[in-house]
Structures are given as C-alpha cells and as structure tokens.
Amino acid sequence: MHRATTGRTLGLAVGLATALAGTGAQAQTAEVLHYWTSGGEARAVAALQEEFEAAGGTWVDAPVAGGGGDAQATVLRSRVLAGDPPTAVQIKGPNIHDWAAEGVLANLDAVAAEAGWDDILPPLLRDIVTYDDQYVAVPVNIHRVNWLWINPEVLAEVGAEVPTTWDEFNATADALLEAGITPLAHGGQPWQDATVFETVVLGLGGPDFYRQALVELDADALTSDTMIAVFDQMRRITGYVDPNFPGRDWNLATGMVMNGEAAMQIMGDWAKGEFAASELTPDEDYLCVPTPGTSGFVLNSDSFAFFEVEGDDRVAGQDLLAGLILGESFQETFNLFKGSIPARTDLDRSAFDACAVRSMEDLDSAVAEGSLVPSMAHEIAIGRAPRGAFLDVVTQHFNSDMSSQEAVELLLEEVELAM
Amino acid sequence: MPADAVASARAADTGDAGAGDAGARGWLQRHLSKLVVAPSFAAALIFFYGFILWTVIISLTGSRMLPSYEIVGFENYVNIWRLSRWETAVENLFLFGVLFMGLSMALGCLLAVLLDQRIRAEGALRTIYLYPMAISYIVTGTAWKWLLDPGIGLEKAMHDLGWTGFAFNWINDPDMAIYTIVLAAVWQASGFVMAMVLAALRGVDDEIIKAAWLDGASLANIYRRIIIPTIRPVFLSAFVILMHLAIKTFDLVMALTAAGPGTATSVPATFMYDMAFQRDRLDFAATSAVMMLATVAAIIVPYLYSEIRSGKRG
Amino acid sequence: MANLPAQAAADTLGARLGRVALYAALGLFALFYLMPMLVMIATSLKDVEEIRSGSLLAWPQSVSLDAWRYAWSEACIGVECTGLAPYFRNSVLMAVPAVLLSSLFGALNGYALTKWRFRGANVVFGMLLFGSFIPFQVVLLPMSQTLGFLGLASSVPGLVLVHTVYGIAFTTLFFRNYYVTLPDDLVKAATIDGAGFFTIFWRIILPLSPSIIVVTVIWQFTQIWNDFLFGASFTSGGAQPVTVALNNLVNTTTGVKLYNVDMAAAIIAALPTLLVYIVAGRYFVRGLTAGSVKG
C-alpha cells in the first residue's frame with residue numbers, strides 16, 4: 001500500500017518532469033558567486049549572464065566586491081557550512097582541490113565528455129580543475145601576471161627604452177624620478193605588493209628558482225642570496241612609487257599610467273580591460289611587455305567551481321553554465337572584455353589584440369622551454385595559508401625599513417608556520 | 001503538614017499574592033518570571049556560551065579550511081606568538097584601546113562640562129556632537145579615508161588654499177596610521193560620552209552645589225568633591241560601552257585602512273577574520289578569538305560582579 | 001566697599017571674555033564634528049569634474065542631485081545596476097522586527113530580573129550581559145552553521161534572528177538598570193490587589209518606561225542598521241543589507257572613481273539613523289538622564 005503510493009507519486013513526478021522538459025520549460029537556475037565588479041570584469045561577467053539567459057536560464061547574481069576575492073571567501077564558507085552553497089563560485093588554483101577534498105563539489109564529467117574538454121584544455125589547466133581525475137571546475141581564461149604596462153609618451157620624455165632587465169628598469173626609473181615623474185604606478189595592497197614580488201623573483205631568479213621558492217617552498221631557496229637580491233630590488237622599487245600608494249586599488253593605478261601621472265605599472269593583463277574601457281589601443285597608446293628579466297610566463301587562471309546542489313533546476317543550470325563557459329563564443333567575448341586569453345587553445349586568434357596575441361605566443365614558447373610558472377600572488381601556485389605568509393612578509397617589508405636579511409628570515413619562519 | 005508549611009513559606013517569601021491559589025495557576029504565577037527569562041537564557045547558552053565553547057575546542061585542533069575536531073593540544077597558543085602580524089595586532093589593540101577610551105572619555109567630559117554652562121543653542125550643539133554615533137563605521141571609515149588621503153583630502157585642500165607646507169599623511173605612514181583609526185573612532189564615540197556625562201551632571205542636586213558655593217568652595221573643589229563622585233557610576237557605564245565599541249573596531253579598520261599600510265593597523269579582530277576567512281587557518285583564528293575573549297573577560301567580569309552587587313542593593 | 005563696583009565691572013568683563021572663549025571652543029568642536037559630514041554632503045552635490053578641479057572644502061558651484069538619484073536607483077552593485085533602493089528595503093525589513101523583538105525581550109527580562117527576582121537571577125543577568133562583549137567574529141562560523149540548520153541561511157529572517165539574539169544583552173542591561181530604580185512597592189501593592197505578572201508589566205511598569213524604551217530602541221536601531229559584519233557574512237546577493245551594498249558600491253570602480261556617488265550612497269545608508277538621532281536625540285539624552293544607564 002505504502003510502496004504503491006510512493007511509486008505512483010514518483011511516476012507522476014517523472015511524468016511531469018518529462019512533460020515539462022518536452023515543452024522546453026525545464027527551469028535552469030544558477031546562482032553565481034563572484035568578485036568581478038570592476039570595469040572590464042563586470043562587463044565580462046555580464047556577457048556570461050547574457051548568454052546564460054539567452055539559453056533560457058535564470059541567473060541569480062551574487063557579487064561580493066573587494067580585494068581579489070577575500071570578501072567572497074567569507075561568504076562562500078558561511079554558505080557551505082550553512083548547507084546552502086551557491087551553484088557556481090569563482091575559486092581557483094589549489095583552493096579548488098581543497099574544496100573538492102571536502103567532498104562538496106559536483107562532478108562535471110558528463111558535460112566535459114560531451115564537449116571534449118580533455119582535448120581543448122592545456123594540461124596544466126586540466127590539473128587545476130580536476131580532482132581524482134574528475135572535472136569539478138571549469139577554467140574561464142588564462143591571465144599572464146608578469147606584464148609591464150607602459151605609457152610610451154612618458155617614457156619618451158626621458159628618452160628611455162623599454163626596460164628588459166631589472167638593472168635597465170632601475171636606470172629608467174631613476175631617470176624618471178629625476179624628471180619629476182612617478183616611475184611606477186602601484187597600489188599598496190598586499191596582493192599587489194606580492195604581484196610585483198613574484199615578477200621580481202622570476203626576473204632575477206629564473207623559472208627554476210621561482211619553482212623552488214614559490215611553489216615547493218624550499219627552505220634553502222627562500223633564504224638564498226637570490227632571495228636577498230629579490231628583496232633588495234623590492235626595496236629599490238619602494239623608492240619608485242608615489243607617496244600616496246597605500247590602499248590604492250589596482251585600476252586607479254592603471255589610470256595613473258593612462259593619464260601620464262606615472263610611467264609604468266606591473267600588473268596582470270586584467271589591466272588591459274581598463275585601457276580598453278578608455279578606448280586606448282595597444283602598441284600605440286600603451287605598451288605591454290613582459291616584466292624585466294624574463295620571457296617566462298606567470299600564469300593565473302580564473303575558474304568556476306561547481307558545488308553539489310539540490311533541485312533539478314539548479315543541477316540543470318549547472319550543466320548549462322558549465323557548457324557555456326568553455327563554449328567558443330563565450331570564451332571569445334569574455335576574454336576580449338577581461339583582457340585575458342582563452343582557456344581553450346583551439347580558438348581563432350584574429351579577434352584578439354596585439355597584447356593578447358603576444359600572450360598566446362609567449363604561452364606556447366614558455367610551455368616549450370619550461371618557463372611557465374604558476375602565480376603565487378594569485379593563488380595558483382600554493383594554498384591560501386602559505387600564500388598569506390608571503391603576503392604578510394612582502395607587504396611588511398615594502399611598508400617598513402626592514403632589511404632584506406630580516407625579511408628572508410621572517411619569510412622562512414612564517415612559511416614554516418603556515419604549513 | 002510540614003510540606004504545606006514549607007510551600008506557604010516559600011510563597012510568602014516571593015511576596016506572591018497568588019500563593020493562595022491552588023494548582024497550576026499558582027505554580028505558573030510563581031514561576032512566570034523564570035519562564036519569561038528562559039528563552040533569552042537558552043539563547044545565551046547556545047549562541048553565546050555554546051559558540052564560545054566551540055571556538056575553544058577549535059583552538060585546540062589543527063582545523064584549516066573547515067572545522068575538524070581532532071585535538072592537538074595547546075600548540076596554537078605557542079605558535080601564534082611567532083607570527084609577526086599577531087604581535088602587531090596585540091600591540092595595536094592596546095594602543096588603540098587605551099587612546100580611544102582615554103581620549104573619548106576626556107573629550108566627552110570636556111564637552112559635557114562646557115555644555116553645562118547654560119549655553120544658548122545647547123540642543124543644536126548637543127545634536128552636532130552626538131550625531132556621529134548614529135553613523136555606521138563603514139560610512140565613518142569611508143568619509144575619513146577620503147578626508148585623510150593626502151592626494152584628495154585635507155592636505156590637498158590646504159595646498160589648494162596656498163598653504164603648501166601643510167602635511168598630514170598619517171594614513172599612509174605605517175607608524176602613524178593607527179592614530180587615524182583612533183581619530184575616527186574618537187570622533188564617533190566622544191559625543192556619546194558627552195551625552196551620558198551631561199545627563200549625569202544634570203542629575204546632580206543643584207541645592208548642594210549652591211550651598212557649597214555659598215560656603216566659598218572653589219569651582220575645582222566643587223567638581224572634585226561633589227560632582228565627580230556623584231556621577232562616577234556613569235563613568236563606569238561609559239567605559240563599558242566604549243569597550244564594547246573598541247572590540248567592534250573591525251568595520252572601521254577595514255573601511256579606513258584595510259589593516260594597512262602593509263599590516264601596520266592590524267588588530268586582533270582583523271587578524272582573526274583574515275585567518276578564518278582568507279588564510280584557511282581556523283585554528284589560529286579560534287586561538288586569537290579565545291585570547292581576545294579572555295582579555296575582555298578579565299576586564300569585564302569584575303565590572304559585571306560590581307553590577308550584580310549593586311543590583312542586590314537596588 | 002569703595003572698590004566693589006570696580007570689581008563687579010571686572011567680573012563682568014572677565015565673565016564676558018570667558019563666555020566668548022567658551023562659545024569659541026564649542027564652535028570649534030562643532031566644526032570638528034561637522035566637517036566630515038559637510039564634506040560628504042558638499043561632494044555628493046558636485047559633479048565629477050568639479051570634484052577633480054575644485055577644492056574639497058568648497059561648496060558646490062552648481063548643486064546637482066544627480067549623484068543621489070544615481071546612487072539610489074541606478075548605481076551598479078556588482079552586475080546588478082539597481083542602486084541602493086532594494087538593499088535599503090532589506091535593511092528596513094531586518095532592522096524593524098529585530099529592534100522590536102530584542103527590545104521586547106529586554107523589557108521582559110529586565111522586569112523579571114528586578115521585580116520578580118528568583119534564585120540565580122543575578123547570575124542569569126551576568127551571563128546575559130557578558131554577551132555584549134563577545135567579539136562577533138567569534139560567532140560567525142558556528143552561527144552560519146546554525147542558520148543553515150534552521151533553514152535561515154542567506155535570508156533577511158536569519159539576520160533578524162542573529163540581531164535579536166545578540167541585541168538581548170544590551171537591551172536587558174538597559175531595562176534592568178532602569179527597573180532597579182523603580183520602587184519595589186509598586187509591584188508589591190499591585191500583587192496585593194491580585195494583579196499578576198503580565199498585568200503589572202502592562203498596567204504599571206510599561207507606562208513608566210517611555211524614556212528607557214526610547215533609549216533602547218535608538219541604541220538597537222543604530223546598532224542593527226549599521227551592522228556590516230553579520231550582513232556581509234550571512235547574506236549574499238539580493239538579501240544584503242544596505243551597509244554591505246554600500247561597501248560593494250564604493251569598491252565597484254570603473255576607472256574613474258565617482259566620489260559624488262560614493263558620498264551620496266554613504267549618506268543615504270546613514271540617513272535613517274541620522275534622522276533618528278536628530279529627531280529623537282533630545283529624548284535619548286533625557287532617557288539617559290532618567291537614570292537608565294547608571295553604573
């Protein structure tokens with residue numbers, strides 16, 4: 001009796017669902033937690049929303065502004081602990097594996113198999129978005145962190161060439177200082193300090209040293225003479241920023257390069273979105289070159305992790321969204337807005353500007369010559385705890401008169417504590 | 001019979017006139033007081049003390065991103081002191097706490113005394129001094145951040161007016177930034193102290209002061225001997241409220257300096273928040289929380305004790 | 001005797017100088033307290049060009065309410081460009097019930113703990129009061145788990161619960177300290193007349209309580225309306241209160257920072273509590289005078 005009733009209810013439900021699906025009315029809902037709220041980023045995510053809604057989905061936007069996702073991490077933890085995870089969350093790097101290890105991420109293998117993700121993603125990215133050989137996240141893009149953005153007019157004022165080594169950079173910066181121009185536009189937030197720091201590590205130490213120090217956290221590398229030289233260079237850089245740098249947002253620093261208040265900025269290629277929003281042309285109004293001392297590639301990649309959710313409409317929304325994110329049209333529109341390059345390697349390059357094409361070419365050559373490294377500052381190389389230790393030490397050094405020797409000792413201590 | 005006697009004695013004890021009532025209604029009347037308080041008490045047991053216990057347990061574990069319940073002992077309490085940022089945070093809390101409470105008290109008292117001199121437009125002035133208390137720390141932080149930013153705020157305004165030597169860049173100076181937080185916090189809370197002290201001053205009996213005045217007592221003496229002792233309890237209350245606000249400085253620090261430049265304006269609240277939500281170190285977060293709580297308890301429990309004793313007298 | 005008039009004159013002169021100094025001091029302090037708000041208002045009325053070129057302290061040359069309109073109904077908070085309006089509504093829906101509930105519990109607790117004292121009442125009071133000194137960061141994680149368990153995660157009712165619970169500590173303190181000063185004979189006389197617990201509360205105690213109710217409601221409203229931490233941690237997207245939306249708005253930058261919009265938004269977020277203080281501030285101070293917050 002009991003069983004019969006249950007069976008009938010179930011049958012009815014299935015019938016109803018089938019009927020709804022048949023008329024194309026199967027609801028697809030996705031609540032998307034992200035921290036893309038500034039200019040180019042907001043436009044990029046709006047593009048995703050448009051595509052999702054055009055495909056019949058209902059998009060619930062859950063933006064949490066503030067500092068490279070720090071604020072969002074708060075909300076995410078609360079939501080997951082409360083048993084109410086959002087459909088898709090913008091998280092990245094080892095953090096994806098942390099969440100997957102907690103068993104709260106959904107399996108996207110079905111979508112992945114259908115779209116052939118294995119064939120279109122670079123191996124390095126696949127490692128990031130899979131856990132136990134199952135897809136749990138979708139990469140959106142590839143950012144290069146080690147870009148130097150230059151206002152060519154300002155550089156021409158002191159007759160300087162584009163610097164290709166840190167020594168040349170220092171010479172150029174000294175000349176700019178002499179001319180009363182701020183050499184480096186910089187925002188004094190810990191992650192921005194760390195962004196500069198990792199480009200210096202790559203430039204002075206090379207890719208192998210970078211990996212030993214910032215990926216493997218090798219104690220000898222962290223306390224080596226090379227690391228001391230890195231902090232020495234950081235100390236020089238503190239002299240090249242304007243006095244009002246503390247707390248400044250990165251896009252305001254980009255603005256300083258655009259309007260000629262400063263000559264250069266070290267920032268990932270999301271800065272290009274700001275140039276684009278002001279309708280400036282690369283190689284004419286501004287230059288994008290690799291940071292001094294390397295042709296290597298510091299990789300940062302945004303991705304969406306998909307949480308285990310309940311409800312047919314939300315699961316359907318997840319599948320739809322996951323498919324769209326790696327779809328050709330979204331990969332192109334999104335990355336044009338965001339300034340990054342597509343996560344899939346098989347796209348036509350003609351729509352992309354000079355900086356993006358350079359990024360794609362450099363990525364290929366970096367993979368070939370082994371100079372592709374994951375970003376520490378942007379949570380790709382190491383987990384959030386050791387990354388936090390780096391940020392603490394780098395930003396303390398940058399904002400005080402700490403010696404390089406002290407910085408190196410403190411770094412070792414804090415990194416060990418964070419393990 | 002003895003049982004009855006005890007019951008009626010107890011009823012008399014509570015002064016409950018309904019004691020004569022038989023059965024449920026009488027019982028209800030006698031215990032209503034407890035029943036009314038019970039929900040709040042239950043909430044306190046769960047939401048205050050249950051959560052504190054949870055935090056204490058987590059502080060003894062190796063929890064990282066999500067809570068784990070494997071006890072590792074007290075090592076977090078040792079290791080946390082090896083973090084340079086925790087040291088900065090503790091130093092800042094004491095510096096901030098002392099300066100914030102001291103200055104708010106001093107300024108609040110000064111304003112109250114000044115306002116107590118039969119001032120015209122007292123109502124308007126009082127509102128002006130008090131209104132910052134109405135504003136959220138997020139708004140306060142946003143406004144002051146802007147005023148204190150040398151590139152756009154006061155310093156630029158002074159330069160525009162021709163006073164180019166004017167420099168006020170505390171907010172960008174790691175050694176001075178903590179004082180900008182004190183400044184904004186005092187701006188916010190001193191008016192509230194003023195209101196409380198003023199209220200207390202108005203409660204002092206004018207006749208006694210007049211009598212002392214006629215006896216030739218000096219103004220200073222009148223304040224020291226008569227007024228201050230009378231309004232002393234208000235100082236205690238103000239102190240408690242200021243302390244409550246000092247602990248909540250989190251919002252203000254986040255909006256004003258985001259704990260920077262570097263980590264110069266970290267306080268234990270921002271440290272804890274960072275560890276819990278940005279570093280995936282729940283163990284350190286809980287450890288810092290327990291230490292904050294212990295510090296607060298050390299100061300507050302004696303106050304609570306005196307509060308309760310005064311209740312007995314009242 | 002002869003020099004008495006002269007002394008009186010000196011007194012008057014001295015007194016007069018004293019008064020001038022007094023008003024000067026009061027005026028300077030008023031400037032200190034007003035300056036941030038004046039600058040915010042002035043800036044919110046300027047256009048972006050005037051902010052960049054003009055002085056911070058200058059009054060706007062042409063007053064424009066565009067920034068206010070933009071902040072209220074058009075500004076982008078994240079991807080949704082709805083302005084602050086929907087979040088403002090959330091704050092009202094959160095603050096009003098939470099203030100009423102926490103004040104009601106506080107009044108009942110204060111009454112029960114002073115006029116119907118039971119064994120352990122003081123311990124209960126002490127334990128409740130300690131709650132106002134818990135750093136709220138401590139409770140974030142267990143609270144979010146609890147809210148999830150109750151099915152209130154990421155919702156306005158969830159915030160009402162949180163604010164009510166953590167408000168009880170202060171409301172109980174306020175009412176309890178006020179009711180301690182009311183003579184116990186009031187209650188005794190009524191009980192002899194046969195009045196019960198709630199009758200006495202309703203008929204005798206509440207009519208004596210307007211001043212403390214004003215103090216409590218103002219305090220609670222300010223605390224709850226201005227909360228950021230709970231709002232940021234326990235809600236996302238459409239359920240966020242206005243303080244969180246303000247923070248998102250201020251941090252949503254598109255190249256050029258729209259300071260006038262930021263400032264207008266900040267004032268909008270602060271407006272309800274400001275109004276309460278300006279309109280009811282007098283009663284607030286009067287309530288404090290009535291012995292409500294005594295040691």
# chains A, B, ... in the order shown; residues from 1 in each chain; ligands from 1
$ residues_around --residues "Val267 in chain B" --least-positions-apart "4" --cutoff "7 Å" --atoms "only C-alpha atoms" --output "JSON, numbers by chain"
{"B": [89, 90, 92, 93, 271]}
$ interface_residues --of "chain A" --to "chain C" --cutoff "10 Å" --atoms "only C-alpha atoms" --output "PyMOL selection string"
chain A and resi 31-46+49+60-67+71-86+249-256+258+273-275+277-278
$ select_by_dssp --residues "range 113-316 of chain A" --states "helix (DSSP H, G or I)" --output "ChimeraX atom specification"
/A:113-115,117-120,123-129,152-157,166-178,190-215,219-222,225-238,250-258,271-277,312-316
$ closest_residue --among "B:Arg126, B:Arg224, B:Lys210, B:Arg281" --to "chain C" --atoms "only C-alpha atoms"
B:Arg126
$ residues_around --residues "Ile278 in chain C" --least-positions-apart "6" --cutoff "10 Å" --atoms "only C-alpha atoms" --output "ChimeraX atom specification"
/B:123-124,126-128,130-131,134 /C:272
$ interface_residues --of "chain B" --to "chain A" --cutoff "10 Å" --atoms "only C-alpha atoms" --output "VMD selection string"
chain B and resid 64 to 67 79 to 80 82 to 85 145 149 to 152 169 171 to 175 256 to 264 273 to 281
$ closest_residue --among "C:Ile204, C:Leu274, C:Ala25, C:Leu84" --to "chain B" --atoms "only C-alpha atoms"
C:Leu274
